[in-house]
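J.: The following file, model_14.tsv, comprises TSV, C-alpha atoms and all ligand atoms:
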chain	number	residue	atom	x	y	z
A	22	MET	CA	-63.00	189.49	86.23
A	23	ASN	CA	-59.98	187.68	87.65
A	24	ILE	CA	-57.22	189.88	89.05
A	25	VAL	CA	-53.74	189.13	90.36
A	26	LEU	CA	-52.46	191.72	92.83
A	27	PHE	CA	-48.71	191.62	92.61
A	28	GLY	CA	-46.05	193.33	94.69
A	29	PRO	CA	-43.60	192.85	97.56
A	30	PRO	CA	-44.71	192.20	101.14
A	31	GLY	CA	-46.14	195.37	102.66
A	32	ALA	CA	-47.05	196.91	99.28
A	33	GLY	CA	-50.71	197.25	100.32
A	34	LYS	CA	-52.14	194.24	98.46
A	35	GLY	CA	-54.40	193.26	101.36
A	36	THR	CA	-55.83	196.78	101.75
A	37	GLN	CA	-56.51	197.16	98.04
A	38	SER	CA	-57.99	193.64	97.84
A	39	ASP	CA	-60.52	194.55	100.55
A	40	ARG	CA	-61.56	197.59	98.54
A	41	LEU	CA	-61.82	195.67	95.28
A	42	LYS	CA	-63.86	192.95	96.96
A	43	GLU	CA	-66.26	195.56	98.31
A	44	LYS	CA	-66.60	197.57	95.10
A	45	HIS	CA	-66.71	194.78	92.52
A	46	GLY	CA	-68.16	191.85	94.46
A	47	LEU	CA	-65.09	189.72	93.80
A	48	ALA	CA	-63.81	187.01	96.12
A	49	HIS	CA	-60.57	187.88	97.94
A	50	LEU	CA	-58.17	184.94	97.85
A	51	SER	CA	-55.17	185.62	100.06
A	52	THR	CA	-52.96	182.55	100.28
A	53	GLY	CA	-51.23	184.07	103.32
A	54	ASP	CA	-54.62	184.38	105.10
A	55	MET	CA	-55.52	180.81	104.11
A	56	LEU	CA	-52.25	179.50	105.50
A	57	ARG	CA	-52.58	181.52	108.72
A	58	ALA	CA	-56.11	180.09	109.16
A	59	ALA	CA	-54.71	176.58	108.66
A	60	VAL	CA	-51.99	177.25	111.26
A	61	GLU	CA	-54.62	178.60	113.66
A	62	ALA	CA	-56.85	175.53	113.14
A	63	ASP	CA	-53.80	173.28	113.51
A	64	THR	CA	-54.60	171.33	110.33
A	65	LEU	CA	-52.04	169.17	108.54
A	66	LEU	CA	-51.43	172.01	106.07
A	67	GLY	CA	-50.97	174.45	108.96
A	68	ARG	CA	-48.45	172.18	110.66
A	69	GLN	CA	-46.53	171.80	107.37
A	70	ALA	CA	-46.53	175.56	106.72
A	71	LYS	CA	-45.89	177.16	110.10
A	72	ALA	CA	-42.10	176.91	110.41
A	73	ILE	CA	-41.63	177.86	106.75
A	74	MET	CA	-43.81	180.96	107.16
A	75	ASP	CA	-42.06	181.98	110.36
A	76	GLU	CA	-38.75	182.05	108.60
A	77	GLY	CA	-40.13	184.01	105.64
A	78	ALA	CA	-39.62	181.26	103.05
A	79	LEU	CA	-42.22	179.93	100.59
A	80	VAL	CA	-44.29	176.85	101.27
A	81	PRO	CA	-43.95	174.18	98.52
A	82	ASP	CA	-45.72	174.93	95.24
A	83	ASP	CA	-47.77	171.71	95.20
A	84	LEU	CA	-49.20	172.43	98.66
A	85	ILE	CA	-50.29	175.98	97.90
A	86	CYS	CA	-51.53	175.15	94.40
A	87	SER	CA	-53.89	172.48	95.68
A	88	VAL	CA	-55.28	174.97	98.22
A	89	VAL	CA	-55.93	177.52	95.45
A	90	ALA	CA	-57.37	174.89	93.07
A	91	ASP	CA	-59.96	173.97	95.72
A	92	ARG	CA	-60.70	177.57	96.67
A	93	ILE	CA	-61.45	178.81	93.13
A	94	GLU	CA	-64.19	176.16	92.88
A	95	ALA	CA	-66.19	177.87	95.65
A	96	PRO	CA	-69.43	179.60	94.58
A	97	ASP	CA	-68.20	183.06	95.61
A	98	CYS	CA	-65.50	182.84	92.91
A	99	LYS	CA	-68.04	182.58	90.07
A	100	ARG	CA	-68.12	186.37	89.51
A	101	GLY	CA	-64.36	186.54	89.66
A	102	PHE	CA	-61.62	186.80	92.23
A	103	ILE	CA	-58.62	188.76	93.41
A	104	LEU	CA	-55.49	186.70	94.02
A	105	ASP	CA	-53.38	188.29	96.73
A	106	GLY	CA	-50.00	186.66	97.40
A	107	PHE	CA	-50.39	184.04	94.67
A	108	PRO	CA	-48.72	183.14	92.35
A	109	ARG	CA	-45.33	183.64	93.98
A	110	THR	CA	-43.24	181.44	91.67
A	111	VAL	CA	-43.24	180.81	87.93
A	112	ALA	CA	-44.31	177.20	88.64
A	113	GLN	CA	-47.36	178.55	90.53
A	114	ALA	CA	-48.21	180.92	87.65
A	115	GLU	CA	-48.06	178.05	85.19
A	116	ALA	CA	-50.15	175.82	87.47
A	117	LEU	CA	-52.71	178.64	87.84
A	118	ASP	CA	-53.02	179.00	84.07
A	119	ARG	CA	-53.60	175.26	83.75
A	120	MET	CA	-56.28	175.35	86.47
A	121	LEU	CA	-58.06	178.25	84.79
A	122	GLU	CA	-57.71	176.96	81.23
A	123	SER	CA	-59.41	173.73	82.19
A	124	ARG	CA	-62.35	175.85	83.37
A	125	GLN	CA	-62.29	178.11	80.28
A	126	ARG	CA	-61.19	181.04	82.39
A	127	GLY	CA	-58.06	183.16	82.68
A	128	ILE	CA	-56.37	186.06	84.43
A	129	ASP	CA	-57.59	189.39	83.04
A	130	VAL	CA	-55.02	191.68	84.61
A	131	VAL	CA	-51.97	191.63	86.87
A	132	LEU	CA	-51.80	194.82	88.94
A	133	LEU	CA	-48.20	195.43	89.92
A	134	ILE	CA	-48.09	197.65	93.01
A	135	GLU	CA	-44.68	199.27	92.88
A	136	VAL	CA	-43.16	200.52	96.13
A	137	ASP	CA	-39.81	201.73	97.34
A	138	GLU	CA	-38.28	198.89	99.36
A	139	ALA	CA	-36.86	201.24	102.00
A	140	ALA	CA	-40.42	202.38	102.76
A	141	LEU	CA	-41.59	198.80	103.29
A	142	VAL	CA	-39.63	198.32	106.49
A	143	GLY	CA	-41.39	201.40	107.93
A	144	ARG	CA	-44.78	200.07	106.81
A	145	ILE	CA	-44.21	196.67	108.40
A	146	GLU	CA	-43.15	198.37	111.64
A	147	GLN	CA	-46.40	200.34	111.53
A	148	ARG	CA	-48.45	197.17	110.88
A	149	MET	CA	-46.70	195.47	113.83
A	150	ALA	CA	-47.64	198.40	116.06
A	151	GLU	CA	-51.27	198.40	114.82
A	152	THR	CA	-51.83	194.65	115.08
A	153	GLY	CA	-49.81	194.21	118.26
A	154	GLY	CA	-47.51	191.80	116.42
A	155	SER	CA	-50.32	189.31	115.70
A	156	ARG	CA	-48.47	188.02	112.62
A	157	SER	CA	-45.50	185.98	113.70
A	158	ASP	CA	-43.67	186.86	110.46
A	159	ASP	CA	-44.07	190.64	110.93
A	160	ASN	CA	-40.63	191.63	112.09
A	161	VAL	CA	-37.83	193.46	110.37
A	162	GLU	CA	-35.51	190.46	110.16
A	163	THR	CA	-38.16	188.23	108.53
A	164	LEU	CA	-39.23	191.09	106.25
A	165	LYS	CA	-35.69	191.30	104.87
A	166	LYS	CA	-35.79	187.56	104.18
A	167	ARG	CA	-39.23	187.89	102.56
A	168	LEU	CA	-38.00	190.74	100.35
A	169	ASP	CA	-35.07	188.61	99.29
A	170	VAL	CA	-37.43	185.72	98.47
A	171	TYR	CA	-39.62	188.19	96.54
A	172	ARG	CA	-36.66	189.36	94.45
A	173	ARG	CA	-35.31	185.89	93.76
A	174	GLN	CA	-38.42	183.74	93.41
A	175	THR	CA	-41.44	185.99	92.90
A	176	ALA	CA	-40.23	188.87	90.70
A	177	PRO	CA	-39.42	186.35	87.90
A	178	VAL	CA	-43.18	185.77	87.59
A	179	LEU	CA	-43.52	189.26	86.07
A	180	PRO	CA	-41.81	188.50	82.74
A	181	TYR	CA	-44.16	185.51	82.48
A	182	TYR	CA	-47.20	187.77	82.71
A	183	ARG	CA	-45.60	190.58	80.68
A	184	ALA	CA	-45.26	188.07	77.84
A	185	HIS	CA	-49.07	187.74	78.04
A	186	GLY	CA	-49.39	191.56	77.92
A	187	ILE	CA	-51.56	191.77	81.04
A	188	VAL	CA	-49.32	193.61	83.56
A	189	ARG	CA	-50.35	197.14	84.60
A	190	GLU	CA	-48.13	199.19	86.90
A	191	ILE	CA	-49.59	201.09	89.84
A	192	ASP	CA	-47.60	203.63	91.87
A	193	GLY	CA	-47.91	202.16	95.36
A	194	MET	CA	-46.13	205.08	97.04
A	195	GLN	CA	-49.27	207.22	96.82
A	196	SER	CA	-52.00	207.40	99.47
A	197	ILE	CA	-54.34	204.40	99.79
A	198	ASP	CA	-57.12	206.38	98.06
A	199	GLU	CA	-54.86	207.41	95.19
A	200	VAL	CA	-53.71	203.83	94.68
A	201	SER	CA	-57.37	202.69	94.64
A	202	ALA	CA	-58.26	205.41	92.12
A	203	ASP	CA	-55.44	204.34	89.79
A	204	ILE	CA	-56.54	200.71	90.06
A	205	GLU	CA	-60.10	201.69	89.17
A	206	LYS	CA	-58.84	203.57	86.09
A	207	VAL	CA	-57.00	200.47	84.90
A	208	LEU	CA	-60.01	198.23	85.51
A	209	ALA	CA	-62.34	200.62	83.68
A	210	GLY	CA	-60.08	200.23	80.65
A	211	ILE	CA	-60.32	196.44	80.55
A	212	ASP	CA	-64.00	195.92	81.42
B	1	LIG	P1	-48.48	186.83	102.91
B	1	LIG	O1	-49.54	187.08	103.93
B	1	LIG	O2	-49.02	186.80	101.50
B	1	LIG	O3	-47.31	187.78	103.02
B	1	LIG	O4	-47.90	185.36	103.16
B	1	LIG	C1	-47.32	185.01	104.39
B	1	LIG	C2	-46.44	183.77	104.21
B	1	LIG	O5	-47.24	182.67	103.76
B	1	LIG	C3	-45.34	183.90	103.17
B	1	LIG	O6	-44.16	184.53	103.67
B	1	LIG	C4	-45.10	182.44	102.79
B	1	LIG	O7	-44.38	181.76	103.81
B	1	LIG	C5	-46.53	181.88	102.83
B	1	LIG	N1	-47.19	182.02	101.51
B	1	LIG	C6	-48.27	182.81	101.21
B	1	LIG	N2	-48.60	182.69	99.92
B	1	LIG	C7	-47.72	181.81	99.38
B	1	LIG	C8	-47.52	181.29	98.07
B	1	LIG	N3	-48.31	181.67	97.03
B	1	LIG	N4	-46.51	180.40	97.88
B	1	LIG	C9	-45.73	180.01	98.90
B	1	LIG	N5	-45.82	180.47	100.16
B	1	LIG	C10	-46.83	181.37	100.40
What does the file become when written as structure tokens?
Ligand code: AMP
T.:
Amino acid sequence: MNIVLFGPPGAGKGTQSDRLKEKHGLAHLSTGDMLRAAVEADTLLGRQAKAIMDEGALVPDDLICSVVADRIEAPDCKRGFILDGFPRTVAQAEALDRMLESRQRGIDVVLLIEVDEAALVGRIEQRMAETGGSRSDDNVETLKKRLDVYRRQTAPVLPYYRAHGIVREIDGMQSIDEVSADIEKVLAGID
């Protein structure tokens, strides 16, 4: 099964991806994690992405799409994968469909984790406190920019997937366990 976890920054996509990975044996593909690893390793990709990430903007579609195209070829993706933080633009969603079609695969479900934006600032502040600010883009000013980017560039991906009839809404304001339980109910219905 191939899943897209969709929602604004701080919606809990990473937490729920970890749980899905554990429970269903799926690969967790977080483009944010991949980019942070590239920055850490000081690769060409990392050097191209760092300043863009720090200001809360999106790295160019062609860069991120080629990273994902390579990653989904890895053996751990055979059973399926969870995309976390990708696609973030309509162009990325279209590129993803092309990549999957050429492999006779597709996206089975897009889980939209809906959260109240006012609560997100509080969540990011909590994550900053817990991680000691290890993410250079975890600050309130950058979060506001990232939310703006989400509204303008990423939210338009939803109508694209709605047209395919594969979007399922999850109330992300519940506890982590409740969100997981709702996700499991949706997945049980499409297995
Ligand atoms: P995330 O950890 O998913 O919040 O991503 C952190 C940052 O990495 C984002 O603010 C973007 O700068 C960059 N990024 C991650 N995924 C993508 C993507 N699919 N397209 C463009 N930029 C991305």
J.: At a cut-off of 6 Å around ligand LIG 1 (chain B), and using only C-alpha atoms and all ligand atoms, what residues come up? Please write them as a compact mmCIF listing (two decimals) with C-alpha atoms, in the coordinates of the input.
T.:
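Below you can see out_16.txt, which holds the result:
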# COMPACT_ATOMS: atom_id res chain seq x y z
CA PRO A 30 -44.71 192.20 101.14
CA THR A 52 -52.96 182.55 100.28
CA GLY A 53 -51.23 184.07 103.32
CA ASP A 54 -54.62 184.38 105.10
CA ILE A 73 -41.63 177.86 106.75
CA MET A 74 -43.81 180.96 107.16
CA GLY A 77 -40.13 184.01 105.64
CA ALA A 78 -39.62 181.26 103.05
CA LEU A 79 -42.22 179.93 100.59
CA VAL A 80 -44.29 176.85 101.27
CA ILE A 85 -50.29 175.98 97.90
CA GLY A 106 -50.00 186.66 97.40
CA PHE A 107 -50.39 184.04 94.67
CA PRO A 108 -48.72 183.14 92.35
CA ARG A 109 -45.33 183.64 93.98
J.: Out of A:Gln147, A:Gln174, A:Ser196, A:Thr36, which residue has the shortest atom-to-atom distance to Asp82 in chain A when counting all atoms listed in the file?
T.: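 Residue with the minimum atom-to-atom distance to Asp82 in chain A: A:Gln174.
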J.: What is the CA of Met55 in chain A-CA of Val200 in chain A distance in Å, reported with one decimal?
T.: 24.9 Å
J.: What does the structure give for the distance between CA of Met120 in chain A and CA of Ile191 in chain A, in Å to one decimal?
T.: 26.8 Å
J.: So the first atom is CA of Val130 in chain A and the second is CA of Asp83 in chain A; what is the distance between them in Å, to one decimal place?
T.: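 We find that CA of Val130 in chain A and CA of Asp83 in chain A lie 23.7 Å from each other.
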J.: So, with only C-alpha atoms as the atoms that count, which of A:Ala72, A:Ala112, A:Leu50, A:Ala140 lies closest to Asp91 in chain A?
T.: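 Counting only C-alpha atoms, the residue closest to Asp91 in chain A is A:Leu50.
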J.: Env of Arg173 in chain A: 12 Å cut, atoms = all atoms listed in the file, seq-sep filter 4 positions within chain, self excluded. Answer as number ranges by chain.
T.: A: 29, 78-79, 109-111, 166-169, 177-179
J.: Restore N, CA, C and O atoms in range 68-88 of chain A and list the result as a CSV table (one decimal), in the coordinates of the input.
T.:
chain,number,residue,atom,x,y,z
A,68,ARG,N,-49.7,172.7,110.0
A,68,ARG,CA,-48.4,172.2,110.7
A,68,ARG,C,-47.3,172.1,109.7
A,68,ARG,O,-46.1,172.4,110.0
A,69,GLN,N,-47.6,171.8,108.4
A,69,GLN,CA,-46.5,171.8,107.4
A,69,GLN,C,-46.0,173.2,107.1
A,69,GLN,O,-44.8,173.4,106.8
A,70,ALA,N,-46.9,174.2,107.2
A,70,ALA,CA,-46.5,175.6,106.7
A,70,ALA,C,-45.9,176.4,107.8
A,70,ALA,O,-45.1,177.3,107.5
A,71,LYS,N,-46.2,176.2,109.1
A,71,LYS,CA,-45.9,177.2,110.1
A,71,LYS,C,-44.4,177.6,110.2
A,71,LYS,O,-44.1,178.7,110.1
A,72,ALA,N,-43.5,176.6,110.2
A,72,ALA,CA,-42.1,176.9,110.4
A,72,ALA,C,-41.6,177.6,109.2
A,72,ALA,O,-40.8,178.6,109.3
A,73,ILE,N,-42.1,177.2,108.0
A,73,ILE,CA,-41.6,177.9,106.8
A,73,ILE,C,-42.1,179.3,106.7
A,73,ILE,O,-41.3,180.2,106.4
A,74,MET,N,-43.3,179.6,107.1
A,74,MET,CA,-43.8,181.0,107.2
A,74,MET,C,-43.0,181.8,108.2
A,74,MET,O,-42.7,182.9,107.9
A,75,ASP,N,-42.8,181.2,109.3
A,75,ASP,CA,-42.1,182.0,110.4
A,75,ASP,C,-40.7,182.4,109.9
A,75,ASP,O,-40.2,183.4,110.4
A,76,GLU,N,-40.1,181.6,109.0
A,76,GLU,CA,-38.8,182.0,108.6
A,76,GLU,C,-38.8,182.9,107.3
A,76,GLU,O,-37.8,183.3,106.8
A,77,GLY,N,-40.0,183.1,106.8
A,77,GLY,CA,-40.1,184.0,105.6
A,77,GLY,C,-39.9,183.3,104.3
A,77,GLY,O,-39.7,184.0,103.3
A,78,ALA,N,-39.8,182.0,104.3
A,78,ALA,CA,-39.6,181.3,103.0
A,78,ALA,C,-41.0,180.9,102.4
A,78,ALA,O,-42.0,181.2,103.0
A,79,LEU,N,-41.0,180.3,101.3
A,79,LEU,CA,-42.2,179.9,100.6
A,79,LEU,C,-42.6,178.5,100.9
A,79,LEU,O,-41.7,177.6,100.8
A,80,VAL,N,-43.8,178.2,101.1
A,80,VAL,CA,-44.3,176.8,101.3
A,80,VAL,C,-44.2,176.2,99.9
A,80,VAL,O,-44.3,176.9,98.9
A,81,PRO,N,-44.1,174.9,99.8
A,81,PRO,CA,-44.0,174.2,98.5
A,81,PRO,C,-45.1,174.5,97.6
A,81,PRO,O,-46.3,174.6,98.0
A,82,ASP,N,-44.7,174.6,96.3
A,82,ASP,CA,-45.7,174.9,95.2
A,82,ASP,C,-46.9,174.0,95.2
A,82,ASP,O,-48.1,174.4,95.1
A,83,ASP,N,-46.7,172.7,95.3
A,83,ASP,CA,-47.8,171.7,95.2
A,83,ASP,C,-48.8,171.9,96.3
A,83,ASP,O,-50.0,171.8,96.1
A,84,LEU,N,-48.3,172.2,97.5
A,84,LEU,CA,-49.2,172.4,98.7
A,84,LEU,C,-50.1,173.6,98.4
A,84,LEU,O,-51.3,173.5,98.5
A,85,ILE,N,-49.5,174.7,98.0
A,85,ILE,CA,-50.3,176.0,97.9
A,85,ILE,C,-51.2,175.9,96.7
A,85,ILE,O,-52.3,176.4,96.7
A,86,CYS,N,-50.7,175.2,95.6
A,86,CYS,CA,-51.5,175.2,94.4
A,86,CYS,C,-52.8,174.3,94.6
A,86,CYS,O,-53.9,174.6,94.1
A,87,SER,N,-52.7,173.3,95.5
A,87,SER,CA,-53.9,172.5,95.7
A,87,SER,C,-54.9,173.3,96.5
A,87,SER,O,-56.1,173.2,96.3
A,88,VAL,N,-54.4,174.1,97.4
A,88,VAL,CA,-55.3,175.0,98.2
A,88,VAL,C,-56.0,175.9,97.3
A,88,VAL,O,-57.3,176.1,97.4
